[in-house]
Every structure is written in C-alpha cells, then in structure tokens.
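Here is coords_1.cif, consisting of mmCIF, C-alpha atoms and all ligand atoms; chains and numbers go by the auth columns:
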data_entry
loop_
_atom_site.group_PDB
_atom_site.id
_atom_site.type_symbol
_atom_site.label_atom_id
_atom_site.label_comp_id
_atom_site.label_asym_id
_atom_site.label_seq_id
_atom_site.Cartn_x
_atom_site.Cartn_y
_atom_site.Cartn_z
_atom_site.B_iso_or_equiv
_atom_site.auth_seq_id
_atom_site.auth_asym_id
ATOM 1 C CA MET A 1 83.524 45.715 -35.746 0.00 292 K
ATOM 2 C CA ASN A 2 81.639 43.086 -37.725 0.00 293 K
ATOM 3 C CA GLY A 3 77.867 42.994 -37.913 0.00 294 K
ATOM 4 C CA SER A 4 77.385 39.541 -36.481 0.00 295 K
ATOM 5 C CA ARG A 5 75.190 39.092 -33.469 0.00 296 K
ATOM 6 C CA LEU A 6 76.199 37.471 -30.258 0.00 297 K
ATOM 7 C CA PRO A 7 74.302 34.434 -29.074 0.00 298 K
ATOM 8 C CA VAL A 8 71.743 34.704 -26.266 0.00 299 K
ATOM 9 C CA PRO A 9 73.602 35.299 -22.989 0.00 300 K
ATOM 10 C CA ARG A 10 74.178 32.074 -21.067 0.00 301 K
ATOM 11 C CA HIS A 11 73.987 33.762 -17.677 0.00 302 K
ATOM 12 C CA VAL A 12 71.944 36.871 -16.809 0.00 303 K
ATOM 13 C CA ALA A 13 72.206 38.433 -13.330 0.00 304 K
ATOM 14 C CA ILE A 14 69.716 41.011 -12.040 0.00 305 K
ATOM 15 C CA ILE A 15 69.770 43.549 -9.195 0.00 306 K
ATOM 16 C CA MET A 16 66.032 43.904 -8.564 0.00 307 K
ATOM 17 C CA ASP A 17 65.930 47.474 -7.278 0.00 308 K
ATOM 18 C CA GLY A 18 62.991 49.855 -6.802 0.00 309 K
ATOM 19 C CA ASN A 19 60.401 47.788 -4.933 0.00 310 K
ATOM 20 C CA GLY A 20 60.158 50.268 -2.051 0.00 311 K
ATOM 21 C CA ARG A 21 59.920 53.203 -4.424 0.00 312 K
ATOM 22 C CA TRP A 22 57.211 51.446 -6.425 0.00 313 K
ATOM 23 C CA ALA A 23 55.131 51.087 -3.248 0.00 314 K
ATOM 24 C CA ARG A 24 55.772 54.641 -2.030 0.00 315 K
ATOM 25 C CA ALA A 25 54.608 56.049 -5.389 0.00 316 K
ATOM 26 C CA ARG A 26 51.266 54.312 -4.747 0.00 317 K
ATOM 27 C CA GLY A 27 50.966 55.237 -1.086 0.00 318 K
ATOM 28 C CA LEU A 28 51.448 51.571 -0.120 0.00 319 K
ATOM 29 C CA PRO A 29 53.735 50.125 2.559 0.00 320 K
ATOM 30 C CA ARG A 30 57.202 49.178 1.239 0.00 321 K
ATOM 31 C CA VAL A 31 56.538 45.484 1.705 0.00 322 K
ATOM 32 C CA MET A 32 53.765 45.585 -0.898 0.00 323 K
ATOM 33 C CA GLY A 33 56.489 46.534 -3.385 0.00 324 K
ATOM 34 C CA HIS A 34 58.430 43.409 -2.441 0.00 325 K
ATOM 35 C CA ARG A 35 55.379 41.222 -2.975 0.00 326 K
ATOM 36 C CA GLU A 36 54.723 42.851 -6.355 0.00 327 K
ATOM 37 C CA GLY A 37 58.422 42.310 -7.127 0.00 328 K
ATOM 38 C CA MET A 38 57.896 38.599 -6.667 0.00 329 K
ATOM 39 C CA LYS A 39 55.365 38.635 -9.511 0.00 330 K
ATOM 40 C CA ALA A 40 58.055 40.144 -11.732 0.00 331 K
ATOM 41 C CA VAL A 41 60.384 37.318 -10.639 0.00 332 K
ATOM 42 C CA ARG A 42 57.845 34.808 -11.941 0.00 333 K
ATOM 43 C CA GLU A 43 57.413 36.550 -15.290 0.00 334 K
ATOM 44 C CA VAL A 44 61.135 37.116 -15.868 0.00 335 K
ATOM 45 C CA THR A 45 61.970 33.527 -14.914 0.00 336 K
ATOM 46 C CA LEU A 46 59.573 32.125 -17.502 0.00 337 K
ATOM 47 C CA ALA A 47 60.796 34.649 -20.084 0.00 338 K
ATOM 48 C CA ALA A 48 64.420 33.623 -19.415 0.00 339 K
ATOM 49 C CA HIS A 49 63.418 29.980 -19.825 0.00 340 K
ATOM 50 C CA ARG A 50 61.767 30.738 -23.182 0.00 341 K
ATOM 51 C CA LEU A 51 64.787 32.719 -24.412 0.00 342 K
ATOM 52 C CA GLY A 52 67.071 29.767 -23.750 0.00 343 K
ATOM 53 C CA ILE A 53 69.096 31.461 -21.012 0.00 344 K
ATOM 54 C CA GLU A 54 70.940 28.837 -18.921 0.00 345 K
ATOM 55 C CA VAL A 55 71.322 30.692 -15.620 0.00 346 K
ATOM 56 C CA LEU A 56 69.294 33.544 -14.101 0.00 347 K
ATOM 57 C CA THR A 57 70.800 34.952 -10.900 0.00 348 K
ATOM 58 C CA LEU A 58 68.578 37.262 -8.835 0.00 349 K
ATOM 59 C CA TYR A 59 69.793 39.422 -5.933 0.00 350 K
ATOM 60 C CA ALA A 60 66.977 38.720 -3.445 0.00 351 K
ATOM 61 C CA PHE A 61 68.630 39.759 -0.162 0.00 352 K
ATOM 62 C CA SER A 62 72.046 41.277 0.517 0.00 353 K
ATOM 63 C CA THR A 63 74.131 41.009 3.669 0.00 354 K
ATOM 64 C CA GLU A 64 73.386 44.749 4.100 0.00 355 K
ATOM 65 C CA ASN A 65 69.612 44.239 4.066 0.00 356 K
ATOM 66 C CA TRP A 66 69.592 43.157 7.753 0.00 357 K
ATOM 67 C CA LYS A 67 69.910 46.874 8.592 0.00 358 K
ATOM 68 C CA ARG A 68 66.374 47.525 7.346 0.00 359 K
ATOM 69 C CA PRO A 69 63.477 47.847 9.810 0.00 360 K
ATOM 70 C CA ARG A 70 62.662 44.622 11.643 0.00 361 K
ATOM 71 C CA ASP A 71 59.155 44.384 10.145 0.00 362 K
ATOM 72 C CA GLU A 72 60.497 44.675 6.607 0.00 363 K
ATOM 73 C CA VAL A 73 63.165 41.999 7.199 0.00 364 K
ATOM 74 C CA ASP A 74 60.528 39.677 8.672 0.00 365 K
ATOM 75 C CA PHE A 75 58.343 40.199 5.619 0.00 366 K
ATOM 76 C CA LEU A 76 61.238 39.538 3.224 0.00 367 K
ATOM 77 C CA MET A 77 62.131 36.360 5.105 0.00 368 K
ATOM 78 C CA ALA A 78 58.611 35.058 4.470 0.00 369 K
ATOM 79 C CA LEU A 79 58.861 35.536 0.693 0.00 370 K
ATOM 80 C CA PRO A 80 60.753 32.326 -0.143 0.00 371 K
ATOM 81 C CA GLN A 81 57.882 30.374 1.497 0.00 372 K
ATOM 82 C CA GLU A 82 55.303 32.384 -0.398 0.00 373 K
ATOM 83 C CA PHE A 83 57.263 31.852 -3.589 0.00 374 K
ATOM 84 C CA LEU A 84 57.327 28.126 -2.931 0.00 375 K
ATOM 85 C CA GLN A 85 53.571 27.999 -2.443 0.00 376 K
ATOM 86 C CA THR A 86 52.663 29.975 -5.526 0.00 377 K
ATOM 87 C CA GLU A 87 55.453 29.094 -7.984 0.00 378 K
ATOM 88 C CA LEU A 88 56.965 25.713 -7.269 0.00 379 K
ATOM 89 C CA GLU A 89 54.549 23.664 -9.366 0.00 380 K
ATOM 90 C CA SER A 90 55.068 25.932 -12.359 0.00 381 K
ATOM 91 C CA LEU A 91 58.859 25.858 -11.918 0.00 382 K
ATOM 92 C CA ILE A 92 58.828 22.063 -11.870 0.00 383 K
ATOM 93 C CA GLN A 93 56.612 21.967 -14.981 0.00 384 K
ATOM 94 C CA ASN A 94 59.004 24.302 -16.780 0.00 385 K
ATOM 95 C CA ASN A 95 62.060 22.199 -15.834 0.00 386 K
ATOM 96 C CA VAL A 96 63.553 25.079 -13.772 0.00 387 K
ATOM 97 C CA ARG A 97 66.184 24.213 -11.174 0.00 388 K
ATOM 98 C CA VAL A 98 66.387 26.458 -8.082 0.00 389 K
ATOM 99 C CA ARG A 99 69.819 27.147 -6.579 0.00 390 K
ATOM 100 C CA VAL A 100 70.764 29.507 -3.755 0.00 391 K
ATOM 101 C CA MET A 101 74.007 31.289 -2.917 0.00 392 K
ATOM 102 C CA GLY A 102 74.889 33.193 0.263 0.00 393 K
ATOM 103 C CA ASP A 103 75.248 32.386 3.934 0.00 394 K
ATOM 104 C CA PRO A 104 72.145 30.474 5.100 0.00 395 K
ATOM 105 C CA ASN A 105 73.136 30.466 8.790 0.00 396 K
ATOM 106 C CA PRO A 106 71.532 33.787 9.885 0.00 397 K
ATOM 107 C CA LEU A 107 68.256 33.021 8.064 0.00 398 K
ATOM 108 C CA PRO A 108 65.238 32.114 10.205 0.00 399 K
ATOM 109 C CA PRO A 109 64.442 28.366 10.193 0.00 400 K
ATOM 110 C CA HIS A 110 61.214 28.803 8.182 0.00 401 K
ATOM 111 C CA THR A 111 63.127 30.630 5.451 0.00 402 K
ATOM 112 C CA ARG A 112 65.865 28.007 5.315 0.00 403 K
ATOM 113 C CA ALA A 113 63.282 25.233 5.208 0.00 404 K
ATOM 114 C CA ALA A 114 61.456 26.872 2.283 0.00 405 K
ATOM 115 C CA VAL A 115 64.670 27.431 0.363 0.00 406 K
ATOM 116 C CA GLU A 116 65.858 23.868 0.980 0.00 407 K
ATOM 117 C CA GLU A 117 62.513 22.530 -0.196 0.00 408 K
ATOM 118 C CA ALA A 118 62.644 24.600 -3.393 0.00 409 K
ATOM 119 C CA VAL A 119 66.195 23.390 -4.087 0.00 410 K
ATOM 120 C CA ARG A 120 65.407 19.748 -3.276 0.00 411 K
ATOM 121 C CA ARG A 121 62.173 19.531 -5.238 0.00 412 K
ATOM 122 C CA THR A 122 63.761 20.996 -8.381 0.00 413 K
ATOM 123 C CA ALA A 123 67.142 19.268 -8.068 0.00 414 K
ATOM 124 C CA ALA A 124 66.436 16.801 -10.895 0.00 415 K
ATOM 125 C CA ASN A 125 65.378 19.518 -13.361 0.00 416 K
ATOM 126 C CA THR A 126 67.732 20.152 -16.276 0.00 417 K
ATOM 127 C CA GLY A 127 66.487 23.473 -17.713 0.00 418 K
ATOM 128 C CA LEU A 128 67.046 27.051 -16.537 0.00 419 K
ATOM 129 C CA ILE A 129 68.994 27.418 -13.292 0.00 420 K
ATOM 130 C CA LEU A 130 67.198 30.017 -11.138 0.00 421 K
ATOM 131 C CA ASN A 131 69.932 31.106 -8.742 0.00 422 K
ATOM 132 C CA PHE A 132 68.817 33.276 -5.807 0.00 423 K
ATOM 133 C CA ALA A 133 71.441 35.359 -3.994 0.00 424 K
ATOM 134 C CA LEU A 134 70.103 35.285 -0.450 0.00 425 K
ATOM 135 C CA ASN A 135 72.095 36.833 2.382 0.00 426 K
ATOM 136 C CA TYR A 136 74.806 37.242 -0.217 0.00 427 K
ATOM 137 C CA GLY A 137 77.687 39.731 -0.434 0.00 428 K
ATOM 138 C CA GLY A 138 80.384 39.715 -3.108 0.00 429 K
ATOM 139 C CA ARG A 139 83.263 40.604 -0.794 0.00 430 K
ATOM 140 C CA MET A 140 82.067 38.070 1.761 0.00 431 K
ATOM 141 C CA ASP A 141 82.022 35.397 -0.921 0.00 432 K
ATOM 142 C CA ILE A 142 85.596 36.229 -1.973 0.00 433 K
ATOM 143 C CA ALA A 143 86.705 36.201 1.682 0.00 434 K
ATOM 144 C CA ARG A 144 85.080 32.797 2.194 0.00 435 K
ATOM 145 C CA ALA A 145 86.819 31.478 -0.915 0.00 436 K
ATOM 146 C CA ALA A 146 90.169 32.764 0.400 0.00 437 K
ATOM 147 C CA ARG A 147 89.565 31.100 3.752 0.00 438 K
ATOM 148 C CA LYS A 148 88.623 27.822 2.088 0.00 439 K
ATOM 149 C CA LEU A 149 91.797 27.856 -0.023 0.00 440 K
ATOM 150 C CA ALA A 150 93.929 28.774 2.994 0.00 441 K
ATOM 151 C CA GLU A 151 92.456 25.868 4.958 0.00 442 K
ATOM 152 C CA SER A 152 93.206 23.496 2.069 0.00 443 K
ATOM 153 C CA ALA A 153 96.771 24.763 1.952 0.00 444 K
ATOM 154 C CA VAL A 154 97.269 24.407 5.710 0.00 445 K
ATOM 155 C CA ALA A 155 95.862 20.875 5.482 0.00 446 K
ATOM 156 C CA GLY A 156 98.471 20.116 2.816 0.00 447 K
ATOM 157 C CA GLU A 157 95.853 19.437 0.125 0.00 448 K
ATOM 158 C CA ILE A 158 97.040 22.216 -2.195 0.00 449 K
ATOM 159 C CA ARG A 159 100.234 24.251 -2.582 0.00 450 K
ATOM 160 C CA PRO A 160 99.806 28.065 -2.373 0.00 451 K
ATOM 161 C CA GLU A 161 101.563 28.558 -5.712 0.00 452 K
ATOM 162 C CA THR A 162 98.822 26.544 -7.443 0.00 453 K
ATOM 163 C CA ILE A 163 96.152 29.083 -6.404 0.00 454 K
ATOM 164 C CA ASP A 164 95.216 30.843 -9.641 0.00 455 K
ATOM 165 C CA GLU A 165 92.078 32.619 -10.922 0.00 456 K
ATOM 166 C CA ALA A 166 90.415 29.295 -11.726 0.00 457 K
ATOM 167 C CA ALA A 167 91.088 28.021 -8.206 0.00 458 K
ATOM 168 C CA VAL A 168 89.498 31.140 -6.699 0.00 459 K
ATOM 169 C CA ALA A 169 86.528 30.843 -9.070 0.00 460 K
ATOM 170 C CA ALA A 170 86.067 27.212 -8.025 0.00 461 K
ATOM 171 C CA ALA A 171 85.964 28.244 -4.348 0.00 462 K
ATOM 172 C CA LEU A 172 83.224 30.886 -4.867 0.00 463 K
ATOM 173 C CA SER A 173 79.554 30.074 -4.380 0.00 464 K
ATOM 174 C CA THR A 174 79.084 30.386 -8.165 0.00 465 K
ATOM 175 C CA ALA A 175 81.447 27.436 -8.749 0.00 466 K
ATOM 176 C CA GLY A 176 80.337 25.482 -11.800 0.00 467 K
ATOM 177 C CA LEU A 177 78.273 28.326 -13.273 0.00 468 K
ATOM 178 C CA PRO A 178 79.485 30.411 -16.211 0.00 469 K
ATOM 179 C CA ASP A 179 80.278 34.054 -15.334 0.00 470 K
ATOM 180 C CA PRO A 180 77.328 36.389 -16.014 0.00 471 K
ATOM 181 C CA ASP A 181 77.340 37.686 -19.600 0.00 472 K
ATOM 182 C CA LEU A 182 74.809 40.383 -18.776 0.00 473 K
ATOM 183 C CA LEU A 183 73.987 42.273 -15.563 0.00 474 K
ATOM 184 C CA ILE A 184 70.715 44.178 -15.371 0.00 475 K
ATOM 185 C CA ARG A 185 69.961 46.712 -12.635 0.00 476 K
ATOM 186 C CA THR A 186 66.571 48.372 -12.414 0.00 477 K
ATOM 187 C CA SER A 187 65.480 51.641 -10.841 0.00 478 K
ATOM 188 C CA GLY A 188 68.127 53.901 -12.390 0.00 479 K
ATOM 189 C CA GLU A 189 70.939 53.242 -9.895 0.00 480 K
ATOM 190 C CA MET A 190 74.368 52.631 -11.457 0.00 481 K
ATOM 191 C CA ARG A 191 76.231 50.708 -8.790 0.00 482 K
ATOM 192 C CA LEU A 192 77.205 47.073 -8.222 0.00 483 K
ATOM 193 C CA SER A 193 76.295 47.190 -4.513 0.00 484 K
ATOM 194 C CA ASN A 194 78.623 44.301 -3.595 0.00 485 K
ATOM 195 C CA PHE A 195 77.079 41.907 -6.125 0.00 486 K
ATOM 196 C CA MET A 196 79.220 39.156 -7.747 0.00 487 K
ATOM 197 C CA LEU A 197 82.386 41.262 -7.671 0.00 488 K
ATOM 198 C CA PHE A 198 84.736 38.569 -8.980 0.00 489 K
ATOM 199 C CA GLU A 199 82.352 37.145 -11.567 0.00 490 K
ATOM 200 C CA LEU A 200 81.360 40.472 -13.183 0.00 491 K
ATOM 201 C CA ALA A 201 84.881 41.274 -14.454 0.00 492 K
ATOM 202 C CA TYR A 202 83.899 41.081 -18.176 0.00 493 K
ATOM 203 C CA THR A 203 80.113 41.339 -17.896 0.00 494 K
ATOM 204 C CA GLU A 204 78.064 43.719 -20.039 0.00 495 K
ATOM 205 C CA LEU A 205 76.071 46.128 -17.850 0.00 496 K
ATOM 206 C CA TRP A 206 72.504 47.237 -18.589 0.00 497 K
ATOM 207 C CA PHE A 207 70.773 49.838 -16.436 0.00 498 K
ATOM 208 C CA VAL A 208 67.081 50.596 -16.773 0.00 499 K
ATOM 209 C CA ASP A 209 65.007 53.320 -15.095 0.00 500 K
ATOM 210 C CA LYS A 210 61.972 51.090 -14.629 0.00 501 K
ATOM 211 C CA LEU A 211 61.296 49.955 -11.082 0.00 502 K
ATOM 212 C CA TRP A 212 61.584 46.196 -10.526 0.00 503 K
ATOM 213 C CA PRO A 213 57.830 45.515 -10.017 0.00 504 K
ATOM 214 C CA ASP A 214 57.224 47.116 -13.440 0.00 505 K
ATOM 215 C CA PHE A 215 59.879 44.995 -15.182 0.00 506 K
ATOM 216 C CA ARG A 216 58.243 42.721 -17.765 0.00 507 K
ATOM 217 C CA ARG A 217 59.156 40.001 -20.206 0.00 508 K
ATOM 218 C CA GLU A 218 59.617 42.659 -22.917 0.00 509 K
ATOM 219 C CA ASP A 219 62.184 44.453 -20.760 0.00 510 K
ATOM 220 C CA LEU A 220 64.263 41.279 -20.457 0.00 511 K
ATOM 221 C CA GLU A 221 63.941 40.736 -24.195 0.00 512 K
ATOM 222 C CA ALA A 222 65.107 44.316 -24.855 0.00 513 K
ATOM 223 C CA ALA A 223 68.137 43.850 -22.586 0.00 514 K
ATOM 224 C CA VAL A 224 69.039 40.579 -24.313 0.00 515 K
ATOM 225 C CA GLU A 225 68.607 42.213 -27.752 0.00 516 K
ATOM 226 C CA ALA A 226 70.918 45.089 -26.769 0.00 517 K
ATOM 227 C CA TYR A 227 73.462 42.584 -25.459 0.00 518 K
ATOM 228 C CA ARG A 228 73.387 40.627 -28.711 0.00 519 K
ATOM 229 C CA ARG A 229 74.110 43.785 -30.718 0.00 520 K
ATOM 230 C CA ARG A 230 77.137 44.696 -28.620 0.00 521 K
ATOM 231 C CA ASP A 231 80.646 44.000 -29.744 0.00 522 K
ATOM 232 C CA ARG A 232 82.562 42.110 -27.104 0.00 523 K
ATOM 233 C CA ARG A 233 86.306 42.374 -27.443 0.00 524 K
ATOM 234 C CA PHE A 234 87.693 41.443 -24.021 0.00 525 K
ATOM 235 C CA GLY A 235 90.465 44.022 -24.438 0.00 526 K
ATOM 236 C CA GLY A 236 92.247 41.955 -27.067 0.00 527 K
ATOM 237 C CA LEU A 237 91.888 44.247 -30.062 0.00 528 K
ATOM 238 C CA GLY A 238 91.353 48.022 -30.255 0.00 529 K
HETATM 239 C C1 LIG B . 62.375 38.347 -2.545 0.00 601 R
HETATM 240 C C2 LIG B . 60.963 39.499 -4.269 0.00 601 R
HETATM 241 C C3 LIG B . 61.657 39.985 -5.497 0.00 601 R
HETATM 242 C C4 LIG B . 62.041 41.432 -5.436 0.00 601 R
HETATM 243 C C5 LIG B . 63.268 41.709 -4.621 0.00 601 R
HETATM 244 C C6 LIG B . 63.269 41.505 -3.141 0.00 601 R
HETATM 245 C C7 LIG B . 62.079 40.828 -2.545 0.00 601 R
HETATM 246 C C8 LIG B . 61.942 35.405 -4.412 0.00 601 R
HETATM 247 C C9 LIG B . 62.666 34.914 -3.336 0.00 601 R
HETATM 248 C C10 LIG B . 63.141 33.547 -3.145 0.00 601 R
HETATM 249 C C11 LIG B . 64.372 33.304 -2.558 0.00 601 R
HETATM 250 C C12 LIG B . 64.833 31.990 -2.385 0.00 601 R
HETATM 251 C C13 LIG B . 64.067 30.939 -2.844 0.00 601 R
HETATM 252 C C14 LIG B . 62.844 31.156 -3.420 0.00 601 R
HETATM 253 C C15 LIG B . 62.381 32.459 -3.574 0.00 601 R
HETATM 254 C C16 LIG B . 62.886 36.025 -2.513 0.00 601 R
HETATM 255 C C17 LIG B . 63.609 37.312 -0.763 0.00 601 R
HETATM 256 C C18 LIG B . 63.049 38.441 -1.324 0.00 601 R
HETATM 257 C C19 LIG B . 64.327 37.408 0.535 0.00 601 R
HETATM 258 F F1 LIG B . 64.512 29.669 -2.711 0.00 601 R
HETATM 259 N N1 LIG B . 61.732 36.694 -4.262 0.00 601 R
HETATM 260 N N2 LIG B . 62.294 37.111 -3.114 0.00 601 R
HETATM 261 N N3 LIG B . 63.543 36.102 -1.340 0.00 601 R
HETATM 262 N N4 LIG B . 61.814 39.502 -3.107 0.00 601 R
#
Represent the structure contained in this file as structure tokens.
Amino acid sequence: MNGSRLPVPRHVAIIMDGNGRWARARGLPRVMGHREGMKAVREVTLAAHRLGIEVLTLYAFSTENWKRPRDEVDFLMALPQEFLQTELESLIQNNVRVRVMGDPNPLPPHTRAAVEEAVRRTAANTGLILNFALNYGGRMDIARAARKLAESAVAGEIRPETIDEAAVAAALSTAGLPDPDLLIRTSGEMRLSNFMLFELAYTELWFVDKLWPDFRREDLEAAVEAYRRRDRRFGGLG
C-alpha cells in the first residue's frame, strides 16, 4: 500500500513466443521468424545488462518442440551456433555469462558443441547471467530433481525427512539462481507452457501482445517499470 518502488528485478524470465506468426504475417517461412527472434535476443540481453538485471532466462526450445516439422527443428538446432558466431565477442565484452538448462542428450552434436563453447568461453564473466532453457520442461526438471534426491536417499547420503523446499530447489537445474521476479510472455498467450513451474510460485507475470521479433529494449524497460510499481505482498498481509 505504500508508494515505494521495488528494486530492479534480479531475475527476469521470458517465453519468446510469436516468431512463426511474425514470419507468416510477412509471407516468410517460419524459420525466418526464429532468425529475427535471435536479433531480439541480442537487444534484450544488452538491455538487461544495462538495467542491472542479474539473470535473464530465455525459453529457447521446449521438450515439446521436437514435435515440430523436421526442417524447423533442424533450423532451430543451428541457431546456437549462429548465435555463437555473431554474438559471442559482444557477450564477452559486456561481461555476460552464458548458462544453459535442460537435457542436452537429445541435442545434435553440433548444437551441444556450440552451447558448450558459449558456456566455456564466458565462464569467467561476472556480469549478467544469460540462461538459455534448451530442451527444457518444467515437469521434467522437477521429476529429475525428485530422482536425484531419491538416489541420494537410497545411497544413504540424505534422510527422506530432510527433503524440504530448499532441498528440491537445490536439485533443480536453476540451483544457485534466485527465483524469477518477473516472467514476460510475448504474443498474447497467457499460459506457462511447462516453463519453470517450481520457480515461478511467487513471480509477477507480464503478458504483451507484441510478437517476439518485435520486442525491443523499450518493451523490456516497460515491463521492468511496471514490475517496480507493483506491490508485492507474498500473501502475508491483506
Ligand atoms: C533460438 C531464437 C530466439 C527466439 C526463440 C526461438 C528461436 C538463441 C539460442 C541459443 C541457445 C543456446 C546457446 C546460445 C544461443 C537459441 C534455439 C532457438 C534452439 F548457448 N536463440 N535461440 N536456441 N531462437
């Protein structure tokens, strides 16, 4: 109820929706929307860095995305390499650290190699963490955490009664990162689509109609401004 403003969110997560629709509206193949979406990734990453955001998590590829046409999947799997070629120098100069979450095993070798190179070559950077969700699913991540904890218990390393929320959080692929303060989804859809289900429990949600390739620095700034004006009460007080 007071008029004070919240600080800049520490962690912003984005569901980058609308690339296919952006292309269709221009009579272009869907994949051209994905490539244009990568330009928005560059702009929003640098904008997040300038705003002082600590972590930017981007939903690049979901576990459901394998169901798309083969050609489209192949194109998407080439984007991390393309990103590396065009953006890595600038990321290093801006002190950005690349991280990836999701199951790397089904990814083609060239995709894994590109991702590993991006992670390795930015590992010493101390600024913005650019966290790509790649072959990621929220339920899968919770299931993997449960399995990991069960294995620890069976091995006698932990007792089941010590498994609390913090223990589950520490077994997720976001271990060590703060929970997202702000989730942005573009393209007018109002769903979570299996993204960060555990971590989004108290996150402020911000939906915009703009398609992802049209999302600019000003749109991130507007989302952050709206977040800072919101009153966060965590259910403590009415
Ligand atoms: C992808 C571009 C952005 C719009 C949404 C989907 C398409 C960047 C990456 C990436 C991932 C890992 C990494 C470096 C870059 C990426 C995929 C799709 C599969 F280490 N953009 N982008 N990966 N799109």
Around all of ligand LIG 601 (chain R)'s listed atoms, make the axis-aligned box with 4 Å on each side and tell me centre and edge lengths in Å to one decimal, as JSON.
{"center_x": 62.9, "center_y": 35.7, "center_z": -2.5, "size_x": 11.9, "size_y": 20.0, "size_z": 14.0}
* Give as a PyMOL selection string the residues that the PyMOL selection byres (((chain K and resi 489) around 10) and not hetatm) matches when applied to the coordinates above. => chain K and resi 429-430+432-433+456+459-460+463+465+470+485-488+490-493
* Hits from the PyMOL selection byres (((not hetatm)) within 9 of (chain R and resi 601)), listed as a PyMOL selection string -> chain K and resi 306-310+322+324-333+349-353+364+366-375+378-379+389-391+402-403+405-410+421-426+503-504
* To do: Using the chain letters and residue numbers of this document, give as a VMD selection string the residues selected by the PyMOL selection byres (((chain K and resi 476) around 8) and not hetatm).
  => chain K and resid 305 to 308 474 to 475 477 to 481 497 to 499
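Checking K:Lys439, K:Asp472, K:Pro400, K:Ala513 one by one against Leu496 in chain K, counting all atoms listed in the file, you find the shortest gap at K:Asp472.
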* Using only C-alpha atoms, give me every residue within 9 Å of (64.1, 20.0, -9.8) in file coordinates, as a PyMOL selection string. => chain K and resi 382-383+386-389+409-418
Writer output for current selection, C-alpha atoms, as a PDB file, keeping the file's coordinate frame:
ATOM      1  CA  LEU K 382      58.859  25.858 -11.918  1.00  0.00           C
ATOM      2  CA  ILE K 383      58.828  22.063 -11.870  1.00  0.00           C
ATOM      3  CA  ASN K 386      62.060  22.199 -15.834  1.00  0.00           C
ATOM      4  CA  VAL K 387      63.553  25.079 -13.772  1.00  0.00           C
ATOM      5  CA  ARG K 388      66.184  24.213 -11.174  1.00  0.00           C
ATOM      6  CA  VAL K 389      66.387  26.458  -8.082  1.00  0.00           C
ATOM      7  CA  ALA K 409      62.644  24.600  -3.393  1.00  0.00           C
ATOM      8  CA  VAL K 410      66.195  23.390  -4.087  1.00  0.00           C
ATOM      9  CA  ARG K 411      65.407  19.748  -3.276  1.00  0.00           C
ATOM     10  CA  ARG K 412      62.173  19.531  -5.238  1.00  0.00           C
ATOM     11  CA  THR K 413      63.761  20.996  -8.381  1.00  0.00           C
ATOM     12  CA  ALA K 414      67.142  19.268  -8.068  1.00  0.00           C
ATOM     13  CA  ALA K 415      66.436  16.801 -10.895  1.00  0.00           C
ATOM     14  CA  ASN K 416      65.378  19.518 -13.361  1.00  0.00           C
ATOM     15  CA  THR K 417      67.732  20.152 -16.276  1.00  0.00           C
ATOM     16  CA  GLY K 418      66.487  23.473 -17.713  1.00  0.00           C
TER      17      GLY K 418
END
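Counting from CA of Ala466 in chain K, the distance to CA of Glu345 in chain K is 14.7 Å.
For the pair CA of His401 in chain K and CA of Thr354 in chain K, the separation is 18.3 Å.
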Could you complete range 455-467 of chain K so that it carries N, CA and C atoms, and give it back as a JSON list (two decimals), keeping the file's coordinate frame?
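That gives us result-v8.json:
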[["chain", "number", "residue", "atom", "x", "y", "z"],
["K", 455, "ASP", "N", 95.34, 29.91, -8.53],
["K", 455, "ASP", "CA", 95.22, 30.84, -9.64],
["K", 455, "ASP", "C", 93.76, 31.32, -9.73],
["K", 456, "GLU", "N", 93.44, 32.08, -10.79],
["K", 456, "GLU", "CA", 92.08, 32.62, -10.92],
["K", 456, "GLU", "C", 91.04, 31.51, -10.95],
["K", 457, "ALA", "N", 91.37, 30.41, -11.63],
["K", 457, "ALA", "CA", 90.42, 29.30, -11.73],
["K", 457, "ALA", "C", 90.18, 28.66, -10.36],
["K", 458, "ALA", "N", 91.23, 28.61, -9.55],
["K", 458, "ALA", "CA", 91.09, 28.02, -8.21],
["K", 458, "ALA", "C", 90.19, 28.91, -7.33],
["K", 459, "VAL", "N", 90.36, 30.23, -7.46],
["K", 459, "VAL", "CA", 89.50, 31.14, -6.70],
["K", 459, "VAL", "C", 88.06, 31.00, -7.19],
["K", 460, "ALA", "N", 87.88, 30.98, -8.50],
["K", 460, "ALA", "CA", 86.53, 30.84, -9.07],
["K", 460, "ALA", "C", 85.85, 29.57, -8.56],
["K", 461, "ALA", "N", 86.63, 28.50, -8.45],
["K", 461, "ALA", "CA", 86.07, 27.21, -8.02],
["K", 461, "ALA", "C", 85.73, 27.20, -6.54],
["K", 462, "ALA", "N", 86.26, 28.17, -5.79],
["K", 462, "ALA", "CA", 85.96, 28.24, -4.35],
["K", 462, "ALA", "C", 84.82, 29.23, -4.04],
["K", 463, "LEU", "N", 84.35, 29.95, -5.06],
["K", 463, "LEU", "CA", 83.22, 30.89, -4.87],
["K", 463, "LEU", "C", 81.90, 30.12, -4.86],
["K", 464, "SER", "N", 80.84, 30.78, -4.41],
["K", 464, "SER", "CA", 79.55, 30.07, -4.38],
["K", 464, "SER", "C", 78.95, 29.94, -5.77],
["K", 465, "THR", "N", 79.54, 30.56, -6.78],
["K", 465, "THR", "CA", 79.08, 30.39, -8.16],
["K", 465, "THR", "C", 79.87, 29.28, -8.88],
["K", 466, "ALA", "N", 80.64, 28.51, -8.14],
["K", 466, "ALA", "CA", 81.45, 27.44, -8.75],
["K", 466, "ALA", "C", 80.58, 26.58, -9.66],
["K", 467, "GLY", "N", 81.07, 26.33, -10.86],
["K", 467, "GLY", "CA", 80.34, 25.48, -11.80],
["K", 467, "GLY", "C", 79.41, 26.25, -12.71]]
